[in-house]
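Asks: Below you'll find structure_7.cif; it's mmCIF, C-alpha atoms and all ligand atoms.
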```
data_start
#
loop_
_atom_site.label_atom_id
_atom_site.label_comp_id
_atom_site.auth_asym_id
_atom_site.auth_seq_id
_atom_site.Cartn_x
_atom_site.Cartn_y
_atom_site.Cartn_z
CA MET R 1 -35.14 3.54 -23.63
CA ARG R 2 -35.21 -0.22 -23.32
CA ASP R 3 -37.95 -2.33 -21.84
CA GLY R 4 -37.56 -5.50 -19.81
CA PHE R 5 -37.41 -7.59 -23.01
CA GLY R 6 -34.68 -5.50 -24.63
CA ARG R 7 -36.96 -3.69 -27.07
CA THR R 8 -36.00 -0.12 -27.92
CA ILE R 9 -38.82 2.29 -27.12
CA ASP R 10 -38.62 5.58 -29.00
CA TYR R 11 -42.20 6.41 -29.97
CA LEU R 12 -44.99 7.93 -27.87
CA ARG R 13 -48.64 8.25 -28.79
CA ILE R 14 -50.18 11.15 -26.92
CA SER R 15 -53.94 11.24 -26.42
CA VAL R 16 -54.96 14.87 -25.84
CA ILE R 17 -58.67 14.28 -25.22
CA ASP R 18 -60.99 11.29 -24.89
CA LYS R 19 -64.04 13.00 -26.43
CA CYS R 20 -64.93 12.65 -30.08
CA ASN R 21 -67.26 14.18 -32.65
CA LEU R 22 -67.98 10.74 -34.17
CA ARG R 23 -69.21 7.53 -32.58
CA CYS R 24 -67.62 4.86 -34.79
CA ASN R 25 -69.44 1.67 -33.91
CA TYR R 26 -66.27 -0.39 -33.34
CA CYS R 27 -64.68 2.34 -31.23
CA MET R 28 -67.08 3.90 -28.75
CA PRO R 29 -70.71 3.80 -27.62
CA VAL R 30 -73.19 6.44 -28.79
CA GLU R 31 -73.79 7.63 -25.25
CA GLY R 32 -73.30 6.74 -21.62
CA PHE R 33 -69.54 7.08 -21.72
CA GLU R 34 -67.81 8.90 -18.87
CA TRP R 35 -65.38 11.59 -19.98
CA ILE R 36 -62.21 12.56 -18.23
CA PRO R 37 -63.06 15.75 -16.25
CA ARG R 38 -61.53 18.88 -17.74
CA ALA R 39 -59.45 19.52 -14.61
CA GLU R 40 -57.84 16.10 -14.94
CA LEU R 41 -56.49 16.70 -18.45
CA LEU R 42 -52.79 17.37 -18.75
CA SER R 43 -52.13 20.94 -19.86
CA PHE R 44 -50.10 21.49 -23.05
CA GLU R 45 -47.16 22.62 -20.89
CA GLU R 46 -47.37 19.39 -18.88
CA ILE R 47 -47.45 17.25 -22.02
CA ALA R 48 -44.44 19.14 -23.35
CA ALA R 49 -42.61 18.68 -20.03
CA ILE R 50 -43.17 14.91 -20.19
CA VAL R 51 -42.02 14.74 -23.81
CA ARG R 52 -38.95 16.82 -23.01
CA GLU R 53 -37.95 14.42 -20.25
CA LEU R 54 -38.65 11.35 -22.40
CA VAL R 55 -36.57 12.76 -25.26
CA GLY R 56 -33.69 12.92 -22.79
CA MET R 57 -34.25 9.19 -22.25
CA GLY R 58 -34.37 8.27 -25.96
CA LEU R 59 -37.78 9.23 -27.35
CA ARG R 60 -37.61 10.28 -31.01
CA ARG R 61 -41.12 10.47 -32.42
CA VAL R 62 -44.57 11.39 -31.18
CA ARG R 63 -48.09 11.03 -32.53
CA ILE R 64 -50.99 13.16 -31.33
CA THR R 65 -54.28 11.33 -31.08
CA GLY R 66 -57.55 11.34 -29.13
CA GLY R 67 -60.55 10.66 -28.98
CA GLU R 68 -60.53 13.23 -31.72
CA PRO R 69 -57.48 15.41 -31.12
CA LEU R 70 -58.72 18.37 -33.15
CA ILE R 71 -61.55 19.04 -30.71
CA ARG R 72 -58.98 19.90 -28.05
CA LYS R 73 -58.89 23.69 -28.16
CA ASP R 74 -55.82 25.32 -29.71
CA LEU R 75 -54.10 22.06 -30.66
CA PRO R 76 -51.57 23.84 -32.93
CA VAL R 77 -50.23 25.50 -29.76
CA LEU R 78 -49.27 22.06 -28.40
CA VAL R 79 -47.68 21.14 -31.72
CA ALA R 80 -45.56 24.30 -31.62
CA LEU R 81 -44.45 23.49 -28.04
CA LEU R 82 -43.43 19.97 -29.06
CA ARG R 83 -41.66 21.26 -32.17
CA GLU R 84 -39.41 23.40 -29.98
CA ILE R 85 -38.07 20.35 -28.15
CA ASP R 86 -34.64 19.41 -29.45
CA GLY R 87 -34.56 15.74 -30.37
CA VAL R 88 -38.21 15.35 -31.44
CA GLU R 89 -37.63 14.06 -34.95
CA GLU R 90 -41.21 13.64 -36.05
CA ILE R 91 -44.67 14.82 -35.01
CA SER R 92 -47.63 13.07 -36.57
CA LEU R 93 -51.38 13.26 -36.01
CA SER R 94 -54.26 10.77 -36.17
CA THR R 95 -57.60 12.38 -36.92
CA ASN R 96 -61.01 11.63 -38.32
CA GLY R 97 -60.52 14.63 -40.60
CA ILE R 98 -63.70 16.55 -39.79
CA LEU R 99 -61.87 19.61 -38.54
CA LEU R 100 -58.98 19.52 -41.01
CA PRO R 101 -60.55 22.14 -43.31
CA ARG R 102 -60.25 24.55 -40.37
CA PHE R 103 -56.89 23.44 -38.96
CA ALA R 104 -54.76 21.71 -41.62
CA THR R 105 -52.70 24.77 -42.54
CA ASP R 106 -52.16 25.87 -38.93
CA LEU R 107 -51.09 22.37 -37.98
CA ARG R 108 -48.64 22.22 -40.84
CA LEU R 109 -47.19 25.62 -39.96
CA ALA R 110 -46.95 24.64 -36.28
CA GLY R 111 -44.88 21.60 -37.23
CA VAL R 112 -46.99 18.49 -37.83
CA ASP R 113 -45.05 16.31 -40.29
CA ARG R 114 -47.69 13.72 -41.22
CA VAL R 115 -51.37 12.99 -40.77
CA ASN R 116 -53.30 9.74 -40.69
CA ILE R 117 -56.97 10.11 -41.50
CA SER R 118 -59.57 7.52 -40.54
CA LEU R 119 -62.00 6.78 -43.32
CA ASP R 120 -64.08 3.63 -43.12
CA THR R 121 -66.30 4.14 -46.14
CA LEU R 122 -66.22 5.99 -49.45
CA ARG R 123 -70.00 5.90 -49.56
CA ARG R 124 -71.95 8.77 -48.07
CA ASP R 125 -75.01 6.56 -47.63
CA ARG R 126 -73.08 4.19 -45.38
CA PHE R 127 -71.43 6.73 -43.18
CA GLU R 128 -74.20 7.00 -40.60
CA ALA R 129 -74.35 3.24 -39.96
CA ILE R 130 -70.66 3.19 -39.07
CA ALA R 131 -69.89 6.61 -37.59
CA ARG R 132 -73.36 7.26 -36.18
CA ARG R 133 -73.37 10.86 -37.28
CA PRO R 134 -75.38 12.45 -40.14
CA GLU R 135 -74.31 11.99 -43.76
CA ARG R 136 -73.32 15.64 -44.16
CA VAL R 137 -70.41 14.97 -41.77
CA PHE R 138 -69.04 12.60 -44.42
CA ASP R 139 -68.70 15.59 -46.77
CA GLU R 140 -66.73 17.44 -44.10
CA ILE R 141 -64.32 14.49 -43.82
CA MET R 142 -63.78 14.36 -47.58
CA ALA R 143 -63.13 18.11 -47.51
CA GLY R 144 -60.71 17.40 -44.67
CA VAL R 145 -58.71 14.95 -46.76
CA GLU R 146 -58.47 17.55 -49.53
CA ALA R 147 -57.48 20.25 -47.05
CA ALA R 148 -54.67 18.03 -45.78
CA GLU R 149 -53.40 17.50 -49.33
CA ARG R 150 -53.63 21.25 -50.07
CA ALA R 151 -51.73 22.04 -46.88
CA GLY R 152 -48.87 19.89 -48.18
CA PHE R 153 -49.18 16.83 -45.99
CA ALA R 154 -47.56 13.83 -47.64
CA PRO R 155 -47.74 10.94 -47.42
CA ILE R 156 -51.36 10.76 -46.36
CA LYS R 157 -52.24 7.53 -44.68
CA ILE R 158 -55.85 6.45 -44.63
CA ASN R 159 -56.91 4.09 -41.84
CA THR R 160 -59.84 1.81 -42.60
CA VAL R 161 -61.35 -0.65 -40.15
CA LEU R 162 -63.19 -3.29 -42.15
CA LEU R 163 -66.43 -4.76 -40.85
CA ARG R 164 -68.00 -7.68 -42.63
CA GLY R 165 -71.29 -6.76 -44.23
CA LEU R 166 -70.88 -3.04 -43.53
CA ASN R 167 -67.93 -1.84 -45.62
CA ASP R 168 -65.82 -4.86 -46.59
CA ASP R 169 -67.12 -4.80 -50.16
CA GLU R 170 -65.32 -1.47 -50.58
CA VAL R 171 -61.84 -3.03 -50.48
CA PRO R 172 -61.57 -2.72 -54.30
CA GLN R 173 -62.68 0.94 -54.33
CA PHE R 174 -60.21 1.90 -51.60
CA ALA R 175 -57.45 -0.01 -53.35
CA GLU R 176 -58.24 1.49 -56.77
CA LEU R 177 -57.75 4.97 -55.31
CA THR R 178 -54.11 4.17 -54.61
CA ARG R 179 -53.43 3.80 -58.32
CA SER R 180 -53.93 7.49 -58.98
CA ARG R 181 -53.68 9.20 -55.58
CA PRO R 182 -50.65 9.25 -53.29
CA TRP R 183 -52.66 7.66 -50.52
CA HIS R 184 -51.54 4.80 -48.37
CA VAL R 185 -54.65 2.91 -47.40
CA ARG R 186 -54.23 0.62 -44.41
CA PHE R 187 -56.86 -1.94 -43.55
CA ILE R 188 -56.88 -2.45 -39.78
CA GLU R 189 -58.18 -5.56 -38.09
CA MET R 190 -60.82 -4.64 -35.55
CA MET R 191 -59.52 -5.11 -32.03
CA PRO R 192 -61.97 -6.44 -29.45
CA VAL R 193 -62.63 -4.16 -26.48
CA GLY R 194 -65.49 -4.03 -24.00
CA GLU R 195 -67.65 -1.74 -26.11
CA ASN R 196 -67.51 -3.56 -29.44
CA LEU R 197 -67.85 -7.25 -28.64
CA HIS R 198 -71.27 -7.27 -30.31
CA LEU R 199 -69.42 -6.72 -33.61
CA ALA R 200 -67.19 -9.81 -33.24
CA ASP R 201 -68.96 -11.60 -36.14
CA ARG R 202 -67.98 -8.76 -38.43
CA PHE R 203 -64.24 -9.22 -37.82
CA ILE R 204 -62.19 -9.68 -41.00
CA GLY R 205 -58.62 -10.94 -40.85
CA ALA R 206 -55.90 -9.45 -43.01
CA ASP R 207 -55.23 -12.70 -44.88
CA GLU R 208 -58.71 -12.53 -46.36
CA VAL R 209 -58.20 -8.87 -47.26
CA LEU R 210 -54.91 -9.66 -48.99
CA GLU R 211 -56.57 -12.46 -50.91
CA ARG R 212 -59.23 -10.09 -52.14
CA LEU R 213 -56.62 -7.48 -53.09
CA GLY R 214 -54.59 -10.12 -54.91
CA SER R 215 -57.59 -11.06 -57.00
CA LEU R 216 -57.83 -7.48 -58.28
CA ALA R 217 -54.30 -7.18 -59.65
CA GLU R 218 -50.73 -8.23 -59.03
CA LEU R 219 -49.76 -7.18 -55.51
CA LEU R 220 -46.12 -6.20 -55.12
CA PRO R 221 -44.59 -6.05 -51.63
CA ASP R 222 -43.67 -2.45 -50.91
CA ALA R 223 -41.61 -0.56 -48.35
CA GLY R 224 -44.57 1.75 -47.77
CA PRO R 225 -44.44 5.40 -46.79
CA ARG R 226 -42.22 6.94 -44.15
CA GLY R 227 -43.09 6.15 -40.57
CA ASN R 228 -42.45 3.21 -38.38
CA GLY R 229 -45.85 1.68 -37.90
CA PRO R 230 -46.55 -2.03 -37.86
CA ALA R 231 -48.30 -2.07 -41.28
CA ARG R 232 -47.23 -4.41 -44.10
CA TYR R 233 -47.49 -2.65 -47.45
CA PHE R 234 -48.13 -3.66 -51.06
CA ARG R 235 -48.53 -1.78 -54.31
CA PHE R 236 -50.32 -2.42 -57.57
CA PRO R 237 -47.89 -2.14 -60.52
CA GLY R 238 -47.59 1.54 -61.46
CA ALA R 239 -49.70 2.79 -58.55
CA VAL R 240 -48.65 6.03 -56.84
CA GLY R 241 -50.02 4.98 -53.46
CA SER R 242 -50.01 1.71 -51.58
CA VAL R 243 -52.29 -0.62 -49.68
CA GLY R 244 -51.39 -2.06 -46.32
CA VAL R 245 -52.69 -4.27 -43.56
CA ILE R 246 -52.37 -3.80 -39.82
CA THR R 247 -52.81 -7.12 -38.10
CA PRO R 248 -53.01 -6.85 -34.32
CA LEU R 249 -54.92 -10.13 -34.13
CA SER R 250 -53.85 -12.40 -36.94
CA HIS R 251 -50.11 -11.61 -36.84
CA ASN R 252 -49.20 -9.59 -33.81
CA TYR R 253 -46.09 -7.44 -34.01
CA CYS R 254 -45.35 -7.27 -30.29
CA ASP R 255 -41.76 -8.54 -30.75
CA SER R 256 -40.80 -5.31 -32.45
CA CYS R 257 -43.01 -2.98 -30.44
CA ASN R 258 -41.34 0.41 -30.04
CA ARG R 259 -44.14 2.41 -28.40
CA MET R 260 -45.80 3.71 -25.30
CA ARG R 261 -49.03 5.66 -24.88
CA LEU R 262 -49.94 8.63 -22.74
CA THR R 263 -53.60 9.14 -21.83
CA ALA R 264 -55.14 12.61 -21.76
CA ASP R 265 -55.09 12.52 -17.95
CA GLY R 266 -51.44 11.57 -17.71
CA ARG R 267 -51.32 7.79 -17.40
CA LEU R 268 -48.54 6.01 -19.25
CA ARG R 269 -49.64 2.75 -20.84
CA THR R 270 -46.71 0.71 -22.06
CA CYS R 271 -48.98 -1.78 -23.84
CA LEU R 272 -52.25 -0.86 -25.53
CA PHE R 273 -53.79 -3.95 -24.00
CA GLY R 274 -51.74 -4.35 -20.84
CA SER R 275 -53.50 -3.68 -17.57
CA HIS R 276 -50.48 -1.87 -16.18
CA GLU R 277 -50.57 1.92 -16.16
CA ALA R 278 -48.18 4.37 -14.54
CA ASP R 279 -49.45 7.66 -13.19
CA LEU R 280 -47.17 10.40 -14.52
CA LYS R 281 -49.30 13.38 -13.55
CA THR R 282 -48.75 13.02 -9.81
CA PRO R 283 -44.93 12.88 -9.91
CA LEU R 284 -44.89 15.61 -12.56
CA ARG R 285 -47.00 17.94 -10.44
CA ALA R 286 -45.30 17.04 -7.16
CA ALA R 287 -41.66 16.81 -8.17
CA GLY R 288 -41.41 18.08 -11.75
CA THR R 289 -40.01 14.77 -13.01
CA VAL R 290 -41.45 11.52 -14.37
CA ARG R 291 -38.22 9.67 -15.03
CA ALA R 292 -38.42 7.13 -12.19
CA ALA R 293 -42.06 6.31 -12.96
CA VAL R 294 -41.24 5.81 -16.66
CA GLU R 295 -38.26 3.59 -15.89
CA ARG R 296 -40.39 1.41 -13.63
CA ALA R 297 -43.17 1.23 -16.23
CA LEU R 298 -40.73 0.18 -18.97
CA GLN R 299 -39.68 -2.81 -16.90
CA GLN R 300 -43.34 -3.82 -16.58
CA LYS R 301 -44.19 -3.57 -20.29
CA PRO R 302 -45.70 -6.96 -21.16
CA GLN R 303 -44.04 -9.17 -23.73
CA ARG R 304 -47.16 -9.32 -25.89
CA HIS R 305 -50.89 -8.76 -25.84
CA MET R 306 -53.35 -11.63 -25.55
CA LEU R 307 -56.22 -10.41 -27.72
CA ILE R 308 -58.72 -12.92 -29.07
CA ASN R 309 -61.60 -11.91 -31.30
CA GLY R 310 -64.93 -12.02 -29.49
CA SER R 311 -63.52 -11.62 -26.00
CA ASP R 312 -62.31 -8.68 -23.96
CA SER R 313 -60.26 -10.90 -21.69
CA GLY R 314 -57.05 -9.73 -23.35
CA SER R 315 -57.89 -6.05 -23.56
CA GLY R 316 -56.40 -5.07 -20.23
CA GLY R 317 -59.62 -3.44 -19.14
CA LEU R 318 -59.72 -1.04 -22.08
CA GLY R 319 -63.38 -0.23 -22.80
CA ALA R 320 -62.81 1.66 -26.04
CA LEU R 321 -59.88 2.73 -28.15
CA SER R 322 -61.07 6.32 -27.97
CA GLN R 323 -59.83 6.32 -24.36
CA ILE R 324 -56.25 5.96 -25.49
CA GLY R 325 -56.17 6.90 -29.15
CA GLY R 326 -55.47 3.60 -30.87
N1 LIG M 1 -60.19 10.04 -33.77
C1 LIG M 1 -58.96 9.78 -34.41
C2 LIG M 1 -59.15 8.86 -35.60
O1 LIG M 1 -60.24 8.31 -35.75
O2 LIG M 1 -58.18 8.69 -36.35
C3 LIG M 1 -57.88 9.25 -33.51
C4 LIG M 1 -58.26 8.21 -32.49
S1 LIG M 1 -58.82 6.65 -33.17
C5 LIG M 1 -59.10 5.72 -31.69
C6 LIG M 1 -57.32 6.00 -33.86
C7 LIG M 1 -57.51 4.83 -34.78
O3 LIG M 1 -57.96 3.72 -34.03
C8 LIG M 1 -58.50 5.05 -35.90
O4 LIG M 1 -57.88 4.76 -37.13
C9 LIG M 1 -59.59 4.05 -35.62
O5 LIG M 1 -60.16 3.55 -36.79
C10 LIG M 1 -58.85 3.00 -34.85
N2 LIG M 1 -59.69 2.18 -33.98
C11 LIG M 1 -60.58 2.57 -33.05
N3 LIG M 1 -61.15 1.51 -32.44
C12 LIG M 1 -60.60 0.42 -33.01
C13 LIG M 1 -60.78 -0.98 -32.82
N4 LIG M 1 -61.59 -1.46 -31.91
N5 LIG M 1 -60.04 -1.82 -33.58
C14 LIG M 1 -59.17 -1.34 -34.52
N6 LIG M 1 -58.97 -0.03 -34.74
C15 LIG M 1 -59.68 0.84 -34.00
FE1 LIG M 2 -63.79 8.98 -32.75
FE2 LIG M 2 -61.61 8.07 -33.95
FE3 LIG M 2 -63.05 6.52 -32.29
FE4 LIG M 2 -64.11 7.17 -34.63
S1 LIG M 2 -62.23 5.97 -34.31
S2 LIG M 2 -65.15 7.28 -32.62
S3 LIG M 2 -63.29 9.17 -34.93
S4 LIG M 2 -61.92 8.30 -31.71
#
```
Starting from the coordinates I provided, produce the structure as structure tokens.
Replies:
Amino acid sequence: MRDGFGRTIDYLRISVIDKCNLRCNYCMPVEGFEWIPRAELLSFEEIAAIVRELVGMGLRRVRITGGEPLIRKDLPVLVALLREIDGVEEISLSTNGILLPRFATDLRLAGVDRVNISLDTLRRDRFEAIARRPERVFDEIMAGVEAAERAGFAPIKINTVLLRGLNDDEVPQFAELTRSRPWHVRFIEMMPVGENLHLADRFIGADEVLERLGSLAELLPDAGPRGNGPARYFRFPGAVGSVGVITPLSHNYCDSCNRMRLTADGRLRTCLFGSHEADLKTPLRAAGTVRAAVERALQQKPQRHMLINGSDSGSGGLGALSQIGG
């Protein structure tokens, strides 16, 4: 698949639900959010039908995300359906980890290749201020990371959104972990959306993070783990894992964008922050094909996003990343 700017699009992020069992302060509000009605969600068969058609057009890799994807009932069933599609080269999952102790093995057996786990703090006493859930949930997440390792997932990528004054002093602790554990910790710049503008002062750019990492030890550029994300990776000499930065604001990577996103109710978003969405559910249900809608949407994929910290003018109307899965 090629978009109107000649970029090859071969990666789809699939949001399977917009609900979540956390309320990360930079991601979604504690309450008052409207959920997609159950009847509007794509069924697993419908998601698989869309992926099958997209694979015929050039799709190679998919990532399952949310909200929190593991609260969608029977998620391993979807994974198994996607695994059966010839041409799907990789299935990955983004999760907050809470439910991994229950599902890691089933997900692995069903065919998930890799997991990314979001972890914004290593300190139990800070968890509630960021995730707005009780401290005991932090223990469940740490058990989730271990369950993923036990189930054989490798590499494990850890996603950390840094917020000044809340968790940014933990950069050294996260980085130190990569010396002895095969973790790939990626510090993500907070993206401004309608629901988190009050946190704009806490934004930390990747250059500052890299400076802090560089003051800890020599920082060697690194190829990073498998996967084709936009992260830039580095490694401390002798470390088994790596540290990375994802820089949607300070250095956008739109020129090499290879992705599209599917919402849980069947809208295709060709840019995370573009206002254009294509309804795939209606043509799928009416005619059993989405090809024409996808081709049109690809031509409308914007050249780049226009995000600026402190403003939601560039967010394309996105209220929260939980609505689309990051
Ligand atoms: N619930 C899953 C999780 O937390 O991994 C999947 C969905 S979550 C929206 C996907 C990723 O987006 C997480 O790593 C999260 O930290 C990140 N994220 C959410 N809101 C963000 C924001 N405003 N800026 C940057 N990253 C954000
Ligand atoms: Fe939920 Fe993930 Fe958003 Fe946190 S980042 S509120 S875990 S969807």
Asks: Would you give me, as a tab-separated table, each residue of chain R having an atom within 8 Å of an atom of ligand LIG 2 (chain M), along with its shortest atom pair and that distance in Å to one decimal, using all atoms listed in the file and sorting by chain and residue number?
Replies:
```
residue	atom	partner	partner_atom	distance
R:Asp18	CA	M:LIG2	S4	7.5
R:Lys19	CA	M:LIG2	S4	7.4
R:Cys20	CA	M:LIG2	FE1	4.7
R:Asn21	CA	M:LIG2	FE1	6.3
R:Leu22	CA	M:LIG2	S2	4.7
R:Arg23	CA	M:LIG2	S2	4.1
R:Cys24	CA	M:LIG2	S2	4.1
R:Asn25	CA	M:LIG2	S2	7.2
R:Tyr26	CA	M:LIG2	S1	7.6
R:Cys27	CA	M:LIG2	FE3	4.6
R:Met28	CA	M:LIG2	S2	5.5
R:Gly66	CA	M:LIG2	S4	5.9
R:Gly67	CA	M:LIG2	S4	3.9
R:Glu68	CA	M:LIG2	S4	5.1
R:Thr95	CA	M:LIG2	FE2	6.6
R:Asn96	CA	M:LIG2	S3	4.8
R:Ser118	CA	M:LIG2	FE2	6.9
R:Ala131	CA	M:LIG2	FE4	6.5
R:Ala320	CA	M:LIG2	FE3	7.9
R:Leu321	CA	M:LIG2	FE3	6.4
R:Ser322	CA	M:LIG2	S4	4.3
R:Gln323	CA	M:LIG2	S4	7.9
R:Gly325	CA	M:LIG2	S4	6.4
R:Gly326	CA	M:LIG2	S1	7.9
```
Asks: Using all atoms listed in the file for the distances, tell me which of R:Ile117, R:Ala231, R:Val112, R:Val240 is nearest to ligand LIG 1 (chain M).
Replies: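 Distance minimum relative to ligand LIG 1 (chain M) lands on R:Ile117.
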Asks: One number please: atom CA of Ala264 of chain R to atom CA of Ala143 of chain R, in Å, one decimal.
Replies: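 Between these atoms lies a distance of 27.5 Å.
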Asks: Write out as an MDAnalysis selection string the residues lying within 8 Å of Gly241 of chain R, counting only C-alpha atoms and excluding same-chain residues fewer than 4 positions away.
Replies: chainID R and resid 177:185 235
Asks: Would you please work out which residue, of R:Leu280, R:Leu107, R:Ala80, R:Met190, is nearest to Ala151 of chain R when using all atoms listed in the file?
Replies: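 Of all the options, R:Leu107 lies closest to Ala151 of chain R.
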Asks: Mind pulling up the distance from atom CA of Val161 of chain R to atom CA of Gly205 of chain R?
Replies: 10.7 Å
Asks: As lines of an AutoDock Vina configuration file, what would the box around ligand LIG 1 (chain M) look like: edges along x, y and z, 4 Å added on every side, centre and edge lengths in Å to one decimal?
Replies:
```
center_x = -59.5
center_y = 4.1
center_z = -34.4
size_x = 12.3
size_y = 19.9
size_z = 13.4
```
Asks: For each of R:Leu78, R:Ala278, R:Leu70, R:Ser242, take the minimum atom-to-atom distance to Glu295 of chain R, counting all atoms listed in the file, then give the residue where this is smallest.
Replies: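 That would be R:Ala278, the residue with the smallest distance to Glu295 of chain R.
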Asks: Within 8 Å of segment 90-92 of chain R, counting only C-alpha atoms, which residues qualify if same-chain residues fewer than 2 places away don't, as a list of chain:residue names?
Replies: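 Listed by chain and then number, they are R:Arg60, R:Arg61, R:Val62, R:Arg63, R:Ile64, R:Val79, R:Leu82, R:Arg83, R:Val88, R:Ser94, R:Gly111, R:Val112, R:Asp113, R:Arg114, R:Val115, R:Asn116.
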Asks: Neighbouring residues of Tyr11 of chain R were defined as those with any atom within 12 Å, considering all atoms listed in the file; residues of the same chain fewer than 3 positions away were excluded. Please report them as an MDAnalysis selection string.
Replies: chainID R and resid 1:2 7:8 14 51 54:55 57:64 88:92 227:229 257:262 270
Asks: From the list R:Pro248, R:Pro101, R:Pro283, R:Pro302, which residue is nearest ligand LIG 1 (chain M) when using all atoms listed in the file?
Replies: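 Comparing R:Pro248, R:Pro101, R:Pro283, R:Pro302 against ligand LIG 1 (chain M), the winner is R:Pro248.
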Asks: Which residue is closest to Phe44 of chain R? Choose from R:Phe203, R:Asp265, R:Leu109, R:Ala129 and count all atoms listed in the file.
Replies: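 Nearest candidate to Phe44 of chain R out of R:Phe203, R:Asp265, R:Leu109, R:Ala129: R:Asp265.
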Asks: In Å, how far is it from atom CA of Val171 of chain R to atom CA of Val245 of chain R?
Replies: 11.5 Å
Asks: Using all atoms listed in the file, pick whichever of R:Asn309, R:Thr263, R:Gln173, R:Thr282 has the shortest atom-to-atom distance to Leu216 of chain R.
Replies: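 Counting all atoms listed in the file, the residue closest to Leu216 of chain R is R:Gln173.
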Asks: Applying 6 Å and only C-alpha atoms, which residues near Tyr233 of chain R remain after dropping the ones on its own chain fewer than 2 positions away? List them as an mmCIF file with C-alpha atoms, in the frame of the given file.
Replies:
```cif
data_model
loop_
_atom_site.group_PDB
_atom_site.id
_atom_site.type_symbol
_atom_site.label_atom_id
_atom_site.label_comp_id
_atom_site.auth_asym_id
_atom_site.auth_seq_id
_atom_site.Cartn_x
_atom_site.Cartn_y
_atom_site.Cartn_z
ATOM 1 C CA ASP R 222 -43.670 -2.450 -50.910
ATOM 2 C CA GLY R 224 -44.570 1.750 -47.770
ATOM 3 C CA VAL R 243 -52.290 -0.620 -49.680
ATOM 4 C CA GLY R 244 -51.390 -2.060 -46.320
#
```
